[in-house]
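Okay, target.txt now, which holds compact mmCIF, C-alpha atoms:
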# COMPACT_ATOMS: atom_id res chain seq x y z
CA PRO R 1 0.00 0.00 0.00
CA LYS R 2 0.97 3.63 -0.56
CA ILE R 3 -0.33 6.95 0.71
CA SER R 4 0.03 10.31 -1.04
CA ASP R 5 2.22 12.97 0.57
CA ASP R 6 -0.81 15.15 1.34
CA GLY R 7 -2.49 12.21 3.10
CA LYS R 8 -5.63 12.33 0.95
CA TRP R 9 -5.18 9.21 -1.21
CA VAL R 10 -4.29 5.57 -0.61
CA SER R 11 -3.52 2.83 -3.14
CA TYR R 12 -3.12 -0.91 -2.73
CA GLU R 13 -3.12 -4.06 -4.85
CA ILE R 14 -4.79 -7.45 -4.55
CA ASN R 15 -3.13 -10.05 -6.75
CA PRO R 16 -4.10 -13.74 -6.91
CA MET R 17 -1.50 -16.48 -7.25
CA ARG R 18 -2.83 -17.08 -10.76
CA GLY R 19 -4.80 -14.67 -12.92
CA ASP R 20 -5.37 -10.92 -13.08
CA GLY R 21 -5.17 -8.67 -10.05
CA TYR R 22 -6.65 -5.28 -9.14
CA LEU R 23 -5.29 -1.92 -8.09
CA TYR R 24 -7.52 0.01 -5.67
CA LEU R 25 -7.51 3.76 -5.10
CA ILE R 26 -9.23 5.37 -2.10
CA GLU R 27 -9.98 9.06 -1.60
CA LEU R 28 -9.90 9.35 2.21
CA LEU R 29 -11.99 12.54 2.45
CA ASN R 30 -15.18 10.78 1.36
CA MET R 31 -13.90 7.16 1.40
CA LYS R 32 -14.58 6.89 -2.33
CA LYS R 33 -13.03 3.72 -3.75
CA ASP R 34 -12.11 2.92 -7.34
CA SER R 35 -10.61 -0.21 -8.88
CA PHE R 36 -8.46 -0.87 -11.95
CA PRO R 37 -8.15 -4.41 -13.33
CA ARG R 38 -4.62 -5.66 -14.09
CA ALA R 39 -3.12 -2.40 -12.78
CA LYS R 40 0.03 -2.34 -10.65
CA ASP R 41 3.00 -0.29 -9.41
CA ALA R 42 1.08 2.85 -8.47
CA ASN R 43 3.11 5.88 -7.45
CA PHE R 44 1.74 9.23 -6.26
CA SER R 45 3.42 12.38 -7.53
CA PRO R 46 5.51 14.46 -5.08
CA ASN R 47 2.81 17.17 -5.18
CA SER R 48 -0.05 14.63 -4.77
CA ASN R 49 -1.80 15.94 -7.88
CA PHE R 50 -1.54 12.78 -9.99
CA VAL R 51 -0.77 9.08 -9.75
CA ILE R 52 0.99 6.90 -12.30
CA PHE R 53 0.63 3.13 -12.72
CA ARG R 54 0.92 0.32 -15.24
CA ILE R 55 -1.76 -1.94 -16.73
CA ALA R 56 -0.49 -5.41 -17.60
CA PRO R 57 -1.82 -7.48 -20.52
CA PRO R 58 -4.43 -10.12 -19.56
CA PHE R 59 -2.90 -13.11 -17.78
CA ASP R 60 -4.54 -15.67 -20.09
CA THR R 61 -3.37 -13.81 -23.20
CA LEU R 62 0.24 -13.86 -22.05
CA ARG R 63 0.02 -17.47 -20.93
CA ASN R 64 -1.41 -18.68 -24.25
CA MET R 65 1.22 -16.77 -26.23
CA LYS R 66 4.02 -18.22 -24.10
CA ILE R 67 2.61 -21.72 -24.57
CA ALA R 68 2.63 -21.04 -28.31
CA LYS R 69 6.32 -20.15 -27.89
CA LYS R 70 5.96 -16.59 -29.10
CA LYS R 71 9.11 -14.48 -28.90
CA ALA R 72 9.40 -12.05 -26.00
CA GLU R 73 9.38 -9.08 -28.38
CA ASP R 74 6.04 -10.27 -29.82
CA LEU R 75 4.29 -10.39 -26.44
CA PRO R 76 1.95 -7.48 -25.57
CA LYS R 77 3.52 -4.88 -23.30
CA ASP R 78 2.23 -2.86 -20.36
CA THR R 79 0.25 0.35 -20.77
CA GLY R 80 1.31 3.35 -18.70
CA VAL R 81 -1.49 5.37 -17.10
CA VAL R 82 -1.47 8.88 -15.64
CA LEU R 83 -4.49 9.73 -13.49
CA ARG R 84 -4.75 13.42 -12.66
CA LEU R 85 -6.29 13.57 -9.19
CA THR R 86 -7.38 17.21 -9.43
CA ASP R 87 -10.09 16.40 -11.99
CA TYR R 88 -9.87 12.59 -12.20
CA THR R 89 -8.89 12.49 -15.87
CA PHE R 90 -6.78 9.75 -17.46
CA LYS R 91 -4.11 9.55 -20.13
CA LYS R 92 -2.78 6.22 -21.43
CA PHE R 93 0.57 5.40 -23.03
CA PRO R 94 0.48 1.90 -24.59
CA ASN R 95 3.48 -0.35 -25.22
CA ILE R 96 5.88 0.99 -22.59
CA LYS R 97 9.12 -0.19 -21.06
CA SER R 98 8.89 2.12 -18.07
CA ILE R 99 7.14 5.13 -16.59
CA LYS R 100 8.80 7.20 -13.88
CA ASP R 101 8.37 10.45 -11.96
CA ALA R 102 10.70 12.52 -9.77
CA ASP R 103 11.01 12.05 -6.00
CA GLU R 104 10.54 15.69 -4.98
CA ASN R 105 8.49 18.74 -5.98
CA SER R 106 8.08 18.07 -9.69
CA ASN R 107 5.16 17.48 -12.05
CA TRP R 108 7.25 15.92 -14.83
CA ILE R 109 7.27 12.24 -15.73
CA VAL R 110 9.20 10.16 -18.26
CA ILE R 111 7.70 7.39 -20.40
CA HIS R 112 10.04 5.10 -22.31
CA PHE R 113 8.35 3.03 -25.00
CA ASP R 114 9.15 -0.48 -26.15
CA LYS R 115 9.93 -1.31 -29.75
CA GLU R 116 6.91 -1.09 -32.03
CA GLN R 117 5.35 -4.48 -32.55
CA LYS R 118 4.65 -5.86 -36.00
CA LYS R 119 1.20 -4.83 -37.10
CA ASP R 120 -1.35 -7.60 -37.48
CA SER R 121 -4.22 -6.73 -39.82
CA THR R 122 -6.41 -9.32 -38.07
CA LYS R 123 -6.26 -7.47 -34.75
CA ASN R 124 -8.94 -5.09 -33.60
CA LYS R 125 -7.92 -1.52 -34.30
CA ASN R 126 -9.07 -0.59 -30.78
CA ASN R 127 -6.59 -2.95 -29.12
CA ASP R 128 -5.18 -1.28 -25.99
CA HIS R 129 -1.66 -2.31 -26.94
CA ASP R 130 -1.63 -0.47 -30.26
CA SER R 131 0.91 2.33 -29.88
CA SER R 132 -0.94 4.33 -32.54
CA LYS R 133 -3.55 5.16 -29.87
CA ILE R 134 -1.16 7.49 -28.06
CA ASP R 135 -2.85 10.85 -27.62
CA ILE R 136 -0.21 13.48 -28.26
CA THR R 137 -1.45 16.89 -27.15
CA LYS R 138 -0.02 20.38 -27.29
CA LYS R 139 3.50 20.95 -28.48
CA MET R 140 5.98 18.21 -29.30
CA ASP R 141 9.71 18.68 -29.74
CA THR R 142 11.00 15.80 -31.85
CA LEU R 143 14.71 15.09 -31.69
CA LYS R 144 16.08 13.45 -34.84
CA ILE R 145 19.32 11.72 -34.02
CA ILE R 146 20.13 10.76 -37.62
CA LYS R 147 20.70 13.58 -40.07
CA LYS R 148 20.95 13.07 -43.83
CA LYS R 149 22.21 9.49 -43.62
CA ASP R 150 21.20 6.55 -45.72
CA SER R 151 18.76 4.73 -43.44
CA SER R 152 19.67 1.42 -45.02
CA LYS R 153 23.22 1.75 -43.64
CA VAL R 154 22.36 3.05 -40.18
CA LYS R 155 20.74 1.14 -37.33
CA LYS R 156 18.84 2.90 -34.57
CA GLU R 157 19.02 0.90 -31.35
CA GLY R 158 16.72 2.99 -29.16
CA THR R 159 12.99 3.64 -28.89
CA ASP R 160 10.72 6.64 -28.31
CA LEU R 161 10.78 8.58 -25.06
CA VAL R 162 8.17 11.09 -23.92
CA ILE R 163 8.68 13.75 -21.24
CA TYR R 164 5.25 14.81 -20.02
CA ASN R 165 3.72 17.21 -17.48
CA PRO R 166 0.20 16.00 -16.56
CA ILE R 167 -0.72 19.32 -14.97
CA THR R 168 0.20 21.67 -17.82
CA GLU R 169 -0.14 18.92 -20.46
CA GLU R 170 3.16 19.97 -22.03
CA GLU R 171 4.73 17.03 -23.85
CA TYR R 172 8.02 16.41 -25.62
CA LYS R 173 8.91 13.36 -27.69
CA PHE R 174 12.39 12.11 -28.55
CA THR R 175 13.37 9.22 -30.81
CA ASN R 176 16.07 6.55 -30.67
CA VAL R 177 16.57 6.67 -26.88
CA GLN R 178 18.44 3.83 -25.17
CA ASN R 179 18.12 4.71 -21.50
CA TYR R 180 17.42 7.68 -19.26
CA GLU R 181 17.65 9.06 -15.74
CA ILE R 182 15.48 11.66 -13.99
CA SER R 183 16.97 13.75 -11.19
CA LYS R 184 15.55 13.53 -7.69
CA LYS R 185 13.94 16.97 -7.96
CA GLY R 186 12.92 16.51 -11.60
CA ASN R 187 14.77 19.63 -12.75
CA ASN R 188 16.91 17.69 -15.24
CA ILE R 189 16.32 14.53 -17.28
CA CYS R 190 19.21 12.91 -19.15
CA PHE R 191 18.94 10.28 -21.85
CA THR R 192 21.28 8.45 -24.21
CA SER R 193 21.16 7.42 -27.83
CA ILE R 194 23.37 5.30 -30.06
CA VAL R 195 23.65 5.18 -33.83
CA LYS R 196 25.23 2.02 -35.25
CA ASP R 197 27.13 2.60 -38.45
CA SER R 198 30.67 1.61 -39.44
CA VAL R 199 31.41 2.77 -35.89
CA ASP R 200 28.94 3.22 -33.03
CA THR R 201 28.28 6.83 -32.05
CA CYS R 202 26.79 7.52 -28.62
CA TYR R 203 25.08 10.69 -27.40
CA ILE R 204 23.95 12.13 -24.07
CA TYR R 205 21.23 14.80 -23.91
CA ILE R 206 19.97 16.86 -20.98
CA PHE R 207 16.39 18.13 -20.88
CA ASN R 208 15.88 20.97 -18.41
CA THR R 209 12.26 20.90 -17.20
CA LEU R 210 12.41 24.45 -15.80
CA GLU R 211 13.37 25.94 -19.16
CA GLU R 212 11.78 23.11 -21.19
CA LYS R 213 14.88 22.99 -23.38
CA ASN R 214 17.02 20.09 -24.58
CA LYS R 215 20.75 20.10 -25.33
CA GLU R 216 23.45 17.65 -26.37
CA ILE R 217 26.25 17.42 -23.79
CA PHE R 218 28.28 14.44 -25.05
CA LYS R 219 29.04 12.75 -28.38
CA LYS R 220 31.71 10.15 -29.02
CA THR R 221 32.21 6.81 -30.71
CA GLY R 222 31.77 4.00 -28.21
CA ALA R 223 29.29 3.06 -25.47
CA ILE R 224 27.69 4.74 -22.43
CA LYS R 225 26.10 3.31 -19.30
CA SER R 226 25.33 3.99 -15.60
CA LEU R 227 23.94 7.54 -15.64
CA SER R 228 23.60 9.07 -12.16
CA PHE R 229 22.58 12.55 -10.94
CA ASP R 230 23.52 14.11 -7.62
CA THR R 231 20.74 15.16 -5.21
CA SER R 232 20.46 18.65 -6.70
CA GLY R 233 20.19 17.29 -10.25
CA LYS R 234 22.90 19.72 -11.38
CA GLN R 235 25.75 17.23 -11.63
CA LEU R 236 25.91 13.98 -13.58
CA VAL R 237 28.37 11.08 -13.72
CA PHE R 238 28.42 8.25 -16.24
CA LEU R 239 30.65 5.53 -17.65
CA TYR R 240 31.99 5.75 -21.20
CA SER R 241 34.07 3.28 -23.21
CA PRO R 242 35.64 3.83 -26.63
CA ASP R 243 36.17 0.04 -26.94
CA THR R 244 34.47 -1.75 -29.81
CA SER R 245 35.06 -5.24 -28.34
CA LYS R 246 32.48 -7.14 -26.29
CA ILE R 247 34.61 -6.86 -23.13
CA LYS R 248 34.93 -3.13 -22.49
CA LEU R 249 36.95 -0.91 -20.17
CA TYR R 250 35.03 2.14 -19.00
CA ASN R 251 36.16 5.64 -18.04
CA LEU R 252 34.34 7.74 -15.44
CA PHE R 253 33.03 11.07 -16.76
CA TYR R 254 31.52 14.07 -14.95
CA TRP R 255 29.18 16.87 -16.12
CA ASN R 256 28.39 20.10 -14.25
CA GLU R 257 25.36 22.25 -15.14
CA LYS R 258 26.98 25.48 -13.93
CA ASN R 259 29.61 25.60 -16.68
CA ASN R 260 28.13 22.87 -18.92
CA SER R 261 31.47 21.06 -19.03
CA ILE R 262 32.42 17.39 -19.42
CA GLN R 263 35.47 16.05 -17.57
CA CYS R 264 37.10 12.60 -17.46
CA LEU R 265 37.69 11.81 -13.78
CA ILE R 266 39.17 8.33 -14.12
CA ASP R 267 40.84 6.97 -17.25
CA THR R 268 41.13 3.19 -17.03
CA ILE R 269 42.58 2.82 -20.51
CA ASN R 270 45.52 5.23 -20.51
CA GLN R 271 46.52 5.05 -16.85
CA ASN R 272 46.43 2.65 -13.93
CA ILE R 273 44.07 2.98 -10.98
CA ALA R 274 45.62 2.56 -7.54
Same coordinates, now as structure tokens:
Amino acid sequence: PKISDDGKWVSYEINPMRGDGYLYLIELLNMKKDSFPRAKDANFSPNSNFVIFRIAPPFDTLRNMKIAKKKAEDLPKDTGVVLRLTDYTFKKFPNIKSIKDADENSNWIVIHFDKEQKKDSTKNKNNDHDSSKIDITKKMDTLKIIKKKDSSKVKKEGTDLVIYNPITEEEYKFTNVQNYEISKKGNNICFTSIVKDSVDTCYIYIFNTLEEKNKEIFKKTGAIKSLSFDTSGKQLVFLYSPDTSKIKLYNLFYWNEKNNSIQCLIDTINQNIA
């Protein structure tokens, strides 16, 4: 069970050993209770003005597809849901990998989508897992990682990512995103992208939610992992490797918002570590 920071809402789940469970939401002021089939992982926003959760595909559907030995990428994915508590309105984001909000004093959330599934003409167009049902409202800032390259020679490894404010309904969409991290206070959101060509080129971008602006802070050939903000969200560390082999050695890099600079703190390739 969870309780909102303002003490007005409670959520809890009841899940059977086999089959579909329910997520319950209670408004304590009038003891109003609502239920959501197959919903899970509810999380109230820091300002208690919305709640996010996931809706899983039906248990029997997944079970039958697994029995039929369908590939993992062909299985239906979760749907992310944002319920605005101020007016009890919903917004759904089908086919997601993850949905996450900040820990403190922020109304911004991040939704990372899974790869688009192959379209099946026999399926109902109103299927909840059809990513074409995403309702994109207001302005959208689309980041195109690949510029003027022959698409037949370039592979995009990432998927779509949406940065969304349920209160203002501002929404920004970025393509070809591998992974992301949101700062504790939600003031900065970083995400990575990789373009596979003759050599792999990796990128790091920072989206500032206060200014609602995005900028590239890092671009090199190689691989990136382990993004981590400090508590203020104004400093970032990450691991970068220029190696092209499967077994990689990583260097530790540091970014500071104040001067927008990147610095290598530990070089494991060109020097020894005591």
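With distances restricted to all atoms listed in the file, R:Ala102 is the closest residue to Ile189 of chain R from R:Lys173, R:Asn251, R:Ala102, R:Cys264.
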Using all atoms listed in the file, the shortest atom-to-atom distance to Asn165 of chain R among R:Phe113, R:Phe238, R:Trp108, R:Tyr24 belongs to R:Trp108
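Ranking R:Lys70, R:Lys32, R:Lys225, R:Lys40 by their shortest atom-to-atom distance to Ile99 of chain R, with only C-alpha atoms included, puts R:Lys40 first.
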Query - Who sits within 10 Å of Lys156 of chain R, only C-alpha atoms, same chain under 6 positions skipped, as a VMD selection string - result: chain R and resid 145 to 146 175 to 178 193 to 197
Selection file, C-alpha atoms, as a tab-separated table (two decimals), in the coordinates of the input:
chain	number	residue	atom	x	y	z
R	145	ILE	CA	19.32	11.72	-34.02
R	146	ILE	CA	20.13	10.76	-37.62
R	175	THR	CA	13.37	9.22	-30.81
R	176	ASN	CA	16.07	6.55	-30.67
R	177	VAL	CA	16.57	6.67	-26.88
R	178	GLN	CA	18.44	3.83	-25.17
R	193	SER	CA	21.16	7.42	-27.83
R	194	ILE	CA	23.37	5.30	-30.06
R	195	VAL	CA	23.65	5.18	-33.83
R	196	LYS	CA	25.23	2.02	-35.25
R	197	ASP	CA	27.13	2.60	-38.45
From the list R:Val110, R:Ile224, R:Ile96, R:Met17, the nearest residue to Thr209 of chain R using all atoms listed in the file is R:Val110
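The coordinates place atom CA of Tyr180 of chain R at 22.2 Å from atom CA of Thr168 of chain R.
If all atoms listed in the file are the atoms counted, then among R:Phe93, R:Tyr205, R:Phe174, R:Phe191 the closest residue to Ser226 of chain R is R:Phe191.
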Separating atom CA of Leu23 of chain R from atom CA of Ala39 of chain R, to the nearest tenth of an Å, is a gap of 5.2 Å
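Proximity ranking of R:Trp9, R:Phe207, R:Phe59, R:Phe229 relative to Pro76 of chain R places R:Phe59 first, based on only C-alpha atoms.
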For Ser106 of chain R, find every residue with an atom within 12 Å (counting only C-alpha atoms), except residues of its own chain fewer than 2 positions away, and show them as a VMD selection string. chain R and resid 44 to 50 100 to 104 108 to 110 164 to 168 182 to 189 209 to 210
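Taking atom CA of Glu27 of chain R and atom CA of Tyr88 of chain R as the two end points, the separation is 11.2 Å.
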>> Taking 3 positions as the minimum chain separation for residues in the same chain, which residues sit within 7 Å of Tyr254 of chain R when counting only C-alpha atoms? Answer as a PyMOL selection string.
In response: chain R and resi 236-238+262-265
